[in-house]
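A.B. asks: Supplied structure: data-v6.cif, mmCIF, C-alpha atoms.
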data_input
loop_
_atom_site.label_atom_id
_atom_site.label_comp_id
_atom_site.auth_asym_id
_atom_site.auth_seq_id
_atom_site.Cartn_x
_atom_site.Cartn_y
_atom_site.Cartn_z
CA MET A 1 40.12 -125.02 55.23
CA SER A 2 40.65 -121.54 56.70
CA ALA A 3 37.82 -119.12 57.43
CA GLY A 4 39.18 -116.94 54.65
CA SER A 5 39.01 -119.67 52.04
CA THR A 6 35.57 -120.70 53.28
CA SER A 7 34.42 -117.12 52.85
CA SER A 8 35.96 -117.10 49.39
CA LEU A 9 33.98 -120.18 48.39
CA LEU A 10 30.78 -118.63 49.67
CA ARG A 11 31.47 -115.44 47.75
CA THR A 12 32.25 -117.47 44.64
CA PHE A 13 28.81 -119.04 44.84
CA LEU A 14 27.11 -115.80 45.77
CA PHE A 15 28.67 -113.71 43.03
CA ARG A 16 29.13 -116.23 40.23
CA GLY A 17 27.53 -115.26 36.96
CA THR A 18 24.29 -117.16 37.21
CA SER A 19 23.41 -116.61 40.81
CA ALA A 20 20.35 -114.54 41.61
CA ALA A 21 22.56 -112.99 44.22
CA LEU A 22 25.07 -111.89 41.65
CA LEU A 23 24.59 -108.23 40.88
CA THR A 24 21.22 -108.75 39.35
CA LEU A 25 21.63 -105.66 37.24
CA ALA A 26 18.69 -106.35 34.99
CA LEU A 27 18.77 -103.51 32.52
CA ALA A 28 15.04 -103.14 32.03
CA SER A 29 13.75 -99.66 32.97
CA CYS A 30 17.22 -98.20 32.53
CA SER A 31 16.55 -96.45 29.21
CA THR A 32 17.50 -99.55 27.28
CA THR A 33 15.88 -102.30 25.29
CA ALA A 34 17.15 -104.92 27.69
CA SER A 35 15.35 -107.71 29.41
CA LYS A 36 17.58 -109.04 32.16
CA ASP A 37 20.80 -110.12 30.47
CA ASN A 38 19.36 -110.51 26.98
CA ILE A 39 19.32 -107.39 24.82
CA THR A 40 17.79 -107.60 21.38
CA THR A 41 17.12 -104.81 18.92
CA GLY A 42 16.76 -104.56 15.19
CA SER A 43 19.24 -106.73 13.33
CA ILE A 44 21.21 -107.58 16.47
CA PRO A 45 21.14 -111.38 16.93
CA LYS A 46 19.25 -112.71 19.91
CA SER A 47 19.60 -115.81 22.02
CA SER A 48 16.87 -118.45 21.90
CA ARG A 49 16.61 -118.56 25.70
CA PRO A 50 18.20 -116.88 28.73
CA MET A 51 21.95 -117.40 28.77
CA ASP A 52 21.96 -118.54 32.38
CA THR A 53 19.99 -121.64 31.36
CA MET A 54 22.38 -122.68 28.57
CA ASN A 55 24.90 -125.48 28.69
CA SER A 56 28.51 -124.74 27.84
CA THR A 57 28.14 -125.66 24.16
CA ASP A 58 25.11 -123.45 23.58
CA LEU A 59 26.67 -120.61 25.52
CA ALA A 60 29.85 -120.84 23.42
CA GLN A 61 27.80 -120.69 20.23
CA THR A 62 25.79 -117.72 21.50
CA THR A 63 28.98 -115.92 22.53
CA ALA A 64 30.45 -116.47 19.08
CA THR A 65 27.30 -115.11 17.42
CA PHE A 66 27.27 -112.01 19.58
CA GLY A 67 31.01 -111.60 18.99
CA LYS A 68 30.50 -111.49 15.23
CA ALA A 69 27.82 -108.81 15.60
CA TYR A 70 30.14 -106.79 17.82
CA ASP A 71 33.06 -107.16 15.40
CA ALA A 72 30.84 -105.96 12.57
CA ASN A 73 29.94 -102.78 14.45
CA PRO A 74 31.93 -102.18 17.66
CA LYS A 75 30.13 -98.86 18.24
CA ASP A 76 26.68 -100.46 18.42
CA ARG A 77 25.76 -100.31 22.10
CA ASP A 78 23.37 -103.28 22.04
CA ALA A 79 25.82 -105.51 20.19
CA GLY A 80 28.48 -104.58 22.71
CA VAL A 81 26.35 -105.15 25.80
CA ASN A 82 25.08 -108.48 24.45
CA TYR A 83 28.60 -109.65 23.74
CA ALA A 84 29.89 -108.52 27.12
CA ASN A 85 27.04 -110.32 28.91
CA ALA A 86 27.79 -113.53 27.01
CA LEU A 87 31.49 -113.25 27.81
CA ARG A 88 30.74 -112.69 31.48
CA MET A 89 28.38 -115.66 31.59
CA SER A 90 31.22 -117.71 30.06
CA GLY A 91 33.60 -116.64 32.81
CA ARG A 92 35.64 -114.40 30.50
CA ASN A 93 35.35 -111.44 32.84
CA ASP A 94 38.42 -109.49 31.77
CA GLN A 95 37.37 -109.62 28.13
CA ALA A 96 33.80 -108.62 29.04
CA LEU A 97 35.18 -105.63 30.91
CA ALA A 98 37.31 -104.61 27.92
CA VAL A 99 34.25 -104.71 25.66
CA MET A 100 32.16 -102.68 28.09
CA GLN A 101 34.92 -100.09 28.44
CA GLN A 102 34.65 -99.45 24.71
CA VAL A 103 30.86 -99.35 24.81
CA ALA A 104 30.96 -96.90 27.73
CA ILE A 105 33.38 -94.64 25.86
CA ASN A 106 30.93 -94.44 22.97
CA ASN A 107 27.88 -94.07 25.24
CA PRO A 108 29.12 -92.15 28.30
CA ASN A 109 25.68 -90.98 29.50
CA ASP A 110 23.60 -94.08 28.74
CA ARG A 111 22.22 -95.45 32.02
CA GLY A 112 21.81 -98.95 30.64
CA VAL A 113 25.40 -99.01 29.42
CA LEU A 114 26.67 -97.69 32.74
CA ALA A 115 24.73 -100.39 34.58
CA ALA A 116 26.20 -103.12 32.37
CA TYR A 117 29.65 -101.57 32.72
CA GLY A 118 29.33 -101.64 36.51
CA LYS A 119 28.33 -105.30 36.34
CA ALA A 120 31.39 -106.09 34.22
CA GLN A 121 33.66 -104.19 36.61
CA ALA A 122 32.30 -106.10 39.60
CA ALA A 123 32.68 -109.46 37.86
CA ALA A 124 36.30 -108.57 37.06
CA GLY A 125 36.99 -107.69 40.70
CA GLN A 126 36.99 -103.90 40.31
CA LEU A 127 34.52 -103.47 43.14
CA GLU A 128 35.10 -99.87 44.20
CA GLN A 129 35.05 -98.76 40.56
CA ALA A 130 31.83 -100.71 40.04
CA LEU A 131 30.17 -98.88 42.92
CA SER A 132 31.14 -95.55 41.38
CA THR A 133 29.85 -96.56 37.94
CA ILE A 134 26.54 -97.82 39.31
CA ASP A 135 26.15 -94.60 41.28
CA ARG A 136 26.53 -92.68 38.00
CA ALA A 137 23.86 -94.88 36.41
CA GLN A 138 21.39 -94.18 39.22
CA THR A 139 19.07 -91.16 39.31
CA PRO A 140 17.97 -90.01 42.77
CA ASP A 141 14.54 -88.83 41.58
CA ARG A 142 13.76 -92.13 39.82
CA PRO A 143 15.91 -94.76 41.56
CA ASP A 144 16.14 -98.19 39.97
CA TRP A 145 15.79 -101.01 42.52
CA ARG A 146 18.05 -103.24 40.42
CA LEU A 147 20.93 -100.82 40.79
CA VAL A 148 20.28 -100.41 44.52
CA SER A 149 20.35 -104.20 44.93
CA ALA A 150 23.49 -104.39 42.82
CA GLU A 151 25.19 -101.94 45.17
CA GLY A 152 24.25 -104.24 48.02
CA ALA A 153 25.78 -107.26 46.29
CA ILE A 154 29.04 -105.40 45.73
CA LEU A 155 29.12 -104.20 49.33
CA ASP A 156 28.61 -107.80 50.47
CA GLN A 157 31.57 -108.85 48.37
CA LEU A 158 33.59 -106.10 50.03
CA GLY A 159 32.65 -107.55 53.43
CA ARG A 160 30.37 -104.62 54.34
CA SER A 161 27.34 -106.72 55.25
CA THR A 162 25.50 -104.10 57.32
CA ASP A 163 25.72 -101.55 54.51
CA ALA A 164 24.73 -104.21 51.97
CA ARG A 165 21.59 -105.16 53.88
CA GLY A 166 20.62 -101.51 54.09
CA LYS A 167 20.76 -101.34 50.31
CA TYR A 168 18.68 -104.50 49.93
CA ARG A 169 16.03 -103.07 52.24
CA ASP A 170 16.05 -99.83 50.26
CA ALA A 171 15.53 -101.90 47.11
CA LEU A 172 12.60 -103.71 48.73
CA VAL A 173 10.93 -100.37 49.44
CA LEU A 174 11.13 -99.66 45.70
CA ALA A 175 10.17 -103.22 44.69
CA PRO A 176 8.29 -104.93 47.55
CA ASN A 177 8.79 -108.69 47.76
CA GLU A 178 11.07 -108.75 44.71
CA PRO A 179 12.49 -112.31 44.81
CA THR A 180 15.99 -111.48 43.60
CA VAL A 181 16.40 -108.85 46.32
CA LEU A 182 15.06 -111.20 48.98
CA SER A 183 17.54 -113.80 47.71
CA ASN A 184 20.39 -111.30 47.87
CA LEU A 185 19.41 -110.47 51.43
CA GLY A 186 19.27 -114.12 52.37
CA MET A 187 22.69 -114.83 50.90
CA SER A 188 24.08 -111.83 52.76
CA TYR A 189 23.19 -113.63 55.98
CA VAL A 190 24.96 -116.75 54.71
CA LEU A 191 28.15 -114.71 54.49
CA THR A 192 27.95 -113.98 58.21
CA GLY A 193 27.00 -117.52 59.18
CA ASP A 194 23.37 -116.76 60.06
CA LEU A 195 21.78 -119.66 58.19
CA LYS A 196 18.38 -119.45 59.89
CA ASN A 197 17.78 -115.88 58.76
CA ALA A 198 19.22 -116.78 55.36
CA GLU A 199 16.73 -119.62 54.94
CA SER A 200 13.83 -117.44 56.05
CA TYR A 201 14.52 -114.80 53.39
CA LEU A 202 15.19 -117.38 50.68
CA ARG A 203 11.94 -119.22 51.42
CA SER A 204 10.15 -115.92 51.16
CA ALA A 205 11.90 -115.32 47.84
CA ILE A 206 10.81 -118.60 46.25
CA ALA A 207 7.22 -117.98 47.37
CA GLN A 208 7.04 -114.85 45.19
CA PRO A 209 5.82 -114.69 41.59
CA GLY A 210 8.64 -114.17 39.14
CA LYS A 211 11.32 -116.05 41.04
CA ASP A 212 13.70 -118.12 38.93
CA SER A 213 15.77 -121.25 39.38
CA ARG A 214 18.75 -119.27 40.67
CA VAL A 215 16.80 -118.28 43.78
CA ARG A 216 15.88 -121.93 44.33
CA GLN A 217 19.54 -123.00 44.05
CA ASN A 218 20.53 -120.49 46.71
CA LEU A 219 17.89 -121.97 49.02
CA ALA A 220 19.15 -125.48 48.24
CA LEU A 221 22.65 -124.45 49.28
CA VAL A 222 21.49 -122.93 52.56
CA VAL A 223 19.37 -125.95 53.44
CA GLY A 224 22.31 -128.22 52.63
CA LEU A 225 24.66 -126.16 54.76
CA GLN A 226 22.41 -126.95 57.71
CA GLY A 227 22.89 -130.68 57.13
CA ARG A 228 19.54 -131.39 55.44
CA PHE A 229 21.14 -132.83 52.33
CA ALA A 230 18.22 -134.87 50.96
CA GLU A 231 15.93 -131.85 51.26
CA ALA A 232 18.55 -129.67 49.58
CA GLU A 233 18.82 -131.98 46.57
CA LYS A 234 15.02 -132.14 46.28
CA ILE A 235 14.86 -128.34 46.20
CA ALA A 236 17.67 -128.18 43.65
CA ARG A 237 15.84 -130.51 41.25
CA GLU A 238 12.48 -128.76 41.27
CA GLU A 239 11.21 -126.81 38.23
CA LEU A 240 14.21 -127.74 36.08
CA THR A 241 14.87 -130.03 33.16
CA PRO A 242 16.69 -133.26 34.13
CA GLN A 243 19.89 -131.94 32.53
CA GLN A 244 19.73 -128.65 34.43
CA ALA A 245 18.80 -130.41 37.66
CA ASN A 246 21.71 -132.84 37.42
CA ALA A 247 24.15 -129.98 36.76
CA ASN A 248 22.83 -128.02 39.73
CA VAL A 249 22.92 -131.03 42.05
CA THR A 250 26.50 -131.76 40.99
CA TYR A 251 27.48 -128.18 41.81
CA LEU A 252 25.55 -128.30 45.08
CA ARG A 253 27.31 -131.50 46.12
CA SER A 254 30.70 -129.95 45.36
CA MET A 255 29.86 -127.01 47.61
CA LEU A 256 28.48 -129.19 50.38
CA ALA A 257 31.57 -131.41 50.25
CA GLN A 258 33.09 -128.57 52.29
CA ARG A 259 30.31 -128.85 54.88
CA ASN A 260 32.70 -129.21 57.82
CA SER A 261 34.14 -125.83 56.99
CA TRP A 262 30.68 -124.38 56.45
CA GLN A 263 29.62 -125.63 59.87
CA LYS A 264 32.68 -124.06 61.48
CA LEU A 265 31.84 -120.78 59.77
CA ALA A 266 28.22 -120.89 60.93
CA ALA A 267 29.32 -121.71 64.48
CA SER A 268 31.92 -118.96 64.72
CA GLY A 269 30.77 -116.26 67.08
CA ASP A 270 27.44 -118.08 67.44
CA GLY A 271 26.75 -117.23 63.84
CA LYS A 272 27.11 -113.50 64.41
CA LYS A 273 30.70 -112.81 63.46
CA ALA A 274 31.10 -111.26 60.05
CA VAL A 275 33.27 -113.04 57.54
CA GLN A 276 36.41 -111.06 56.78
#
Is it possible to express this structure as structure tokens?
C.D. replies:
Amino acid sequence: MSAGSTSSLLRTFLFRGTSAALLTLALASCSTTASKDNITTGSIPKSSRPMDTMNSTDLAQTTATFGKAYDANPKDRDAGVNYANALRMSGRNDQALAVMQQVAINNPNDRGVLAAYGKAQAAAGQLEQALSTIDRAQTPDRPDWRLVSAEGAILDQLGRSTDARGKYRDALVLAPNEPTVLSNLGMSYVLTGDLKNAESYLRSAIAQPGKDSRVRQNLALVVGLQGRFAEAEKIAREELTPQQANANVTYLRSMLAQRNSWQKLAASGDGKKAVQ
């Protein structure tokens, strides 16, 4: 496997919909009724649990429910954001972007909508546009750490690791010891082959209150990439239901099946060469 395809696999893991490292644009504190990726107001239907913990069947049902609410009132911003989030979690990124474009047209100055729109743009590969949208959502006098961290995640996907880490550190000034930011920072080091620094930040992340299973899965990957496979699987199974744990271990094993390529990446330039 080439260095480019290895980097692509890493970025796929880092920026896939459920990763703590993926643009954790939680919309709370952005003038919205959101809590992470689950917006619920009034008669708008709500999901029974966070979408990133659902299996494919439950996620499909939730997406259909949100889709009906959106069809009933396409101008309702919460219905639109909910539906777009569900579509994105289902891997339907282009459709999620199309929904958010309509929501943004109807709510051009809503910070929460702009944040969700930027997330949809990034998931659909419109990275430069996403940076611009997130910048519009941010307010310099009251900066939101989630948006700052999201900028970092996009910059990492663009291969601008130094700039990305600067953003993560800015976010940590605003939200000290925030586990999702520490996880983002750790995964940024994975992208440049520095697995020791990556593990250090990820262990710090899982030691914080409020961390979730996505942070733990990132740590499991990094431990596995260093050849400690039994330890990686143990980490991946902790604090999850058996069904969730088995799904995560299966995914982890599929990633670690490429371990020869990971090791070559980590060894390139003594672990200091940035992935292109």
A.B. asks: Could you tell me which residues the PyMOL selection byres ((chain A and resi 145) around 6) returns for this structure, as a list in words?
C.D. replies: Asp144, Arg146, Leu147, Val148, Ala171 and Leu174 of chain A
A.B. asks: Calculate how many Å separate atom CA of A:Ala232 from atom CA of A:Glu178, rounding to one decimal.
C.D. replies: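 So the two atoms, atom CA of A:Ala232 and atom CA of A:Glu178, lie 22.7 Å apart.
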A.B. asks: What do you get, as a PyMOL selection string, if you spell out every residue that the PyMOL selection byres ((chain A and resi 64) around 12) selects here?
C.D. replies: chain A and resi 45-47+57-63+65-71+79+82-84+86-87+90
A.B. asks: Report as a tab-separated table the residues of stretch 54-110 of chain A within 7 Å of stretch 123-127 of chain A, each with its shortest atom pair and distance in Å (one decimal), using only C-alpha atoms, ordered by chain and increasing residue number.
C.D. replies:
residue	atom	partner	partner_atom	distance
A:Asn93	CA	A:Ala124	CA	5.2
A:Asp94	CA	A:Ala124	CA	5.8
A:Leu97	CA	A:Ala124	CA	6.9
A.B. asks: Could you work out how far atom CA of A:Ala137 lies from atom CA of A:Ala120, giving the answer in Å with one decimal?
C.D. replies: 13.7 Å
A.B. asks: Report, in Å with one decimal, the straight-line distance from atom CA of A:Lys167 to atom CA of A:Gly152.
C.D. replies: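 Answer for the atom CA of A:Lys167 to atom CA of A:Gly152 separation: 5.1 Å.
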A.B. asks: Give as number ranges by chain the residues that the PyMOL selection byres ((chain A and resi 201) around 8) matches when applied to the coordinates above.
C.D. replies: A: 182-183, 185-186, 197-200, 202-205
A.B. asks: Set the distance at 12 Å and use only C-alpha atoms: which residues neighbour stretch 239-253 of chain A once local chain neighbours fewer than 2 positions away are removed? I'd like the list as a PyMOL selection string.
C.D. replies: chain A and resi 10+13+18-19+52-56+206+211-225+227+229-237+255-259
A.B. asks: Determine the nearest neighbour of A:Lys75 from the options A:Arg92, A:Ile105, A:Thr162, A:Leu155, counting only C-alpha atoms.
C.D. replies: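 The closest residue to A:Lys75 is A:Ile105.
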A.B. asks: Can you work out which one of A:Met89, A:Gln138, A:Glu238, A:Gln129 has the shortest atom-to-atom distance to A:Asn109, counting all atoms listed in the file?
C.D. replies: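 The closest residue to A:Asn109 is A:Gln138.
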A.B. asks: Select, from A:Thr139, A:Ser188, A:Ser132, A:Asn177, the residue with the minimum atom-to-atom distance to A:Gln157, counting all atoms listed in the file.
C.D. replies: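 Closest residue, counting all atoms listed in the file: A:Ser188.
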A.B. asks: I need every residue sitting at most 8 Å from the point (30.4, -94.0, 35.5) (coordinates as in the file, only C-alpha atoms considered), written as a VMD selection string.
C.D. replies: chain A and resid 108 114 118 132 to 137
A.B. asks: Please return the centre and edge lengths, in Å to one decimal, of a box with edges along x, y and z that contains all listed atoms of stretch 54-58 of chain A, widened by 3 Å on every side, as lines of an AutoDock Vina configuration file.
C.D. replies:
center_x = 25.4
center_y = -124.2
center_z = 26.1
size_x = 12.1
size_y = 9.0
size_z = 11.1
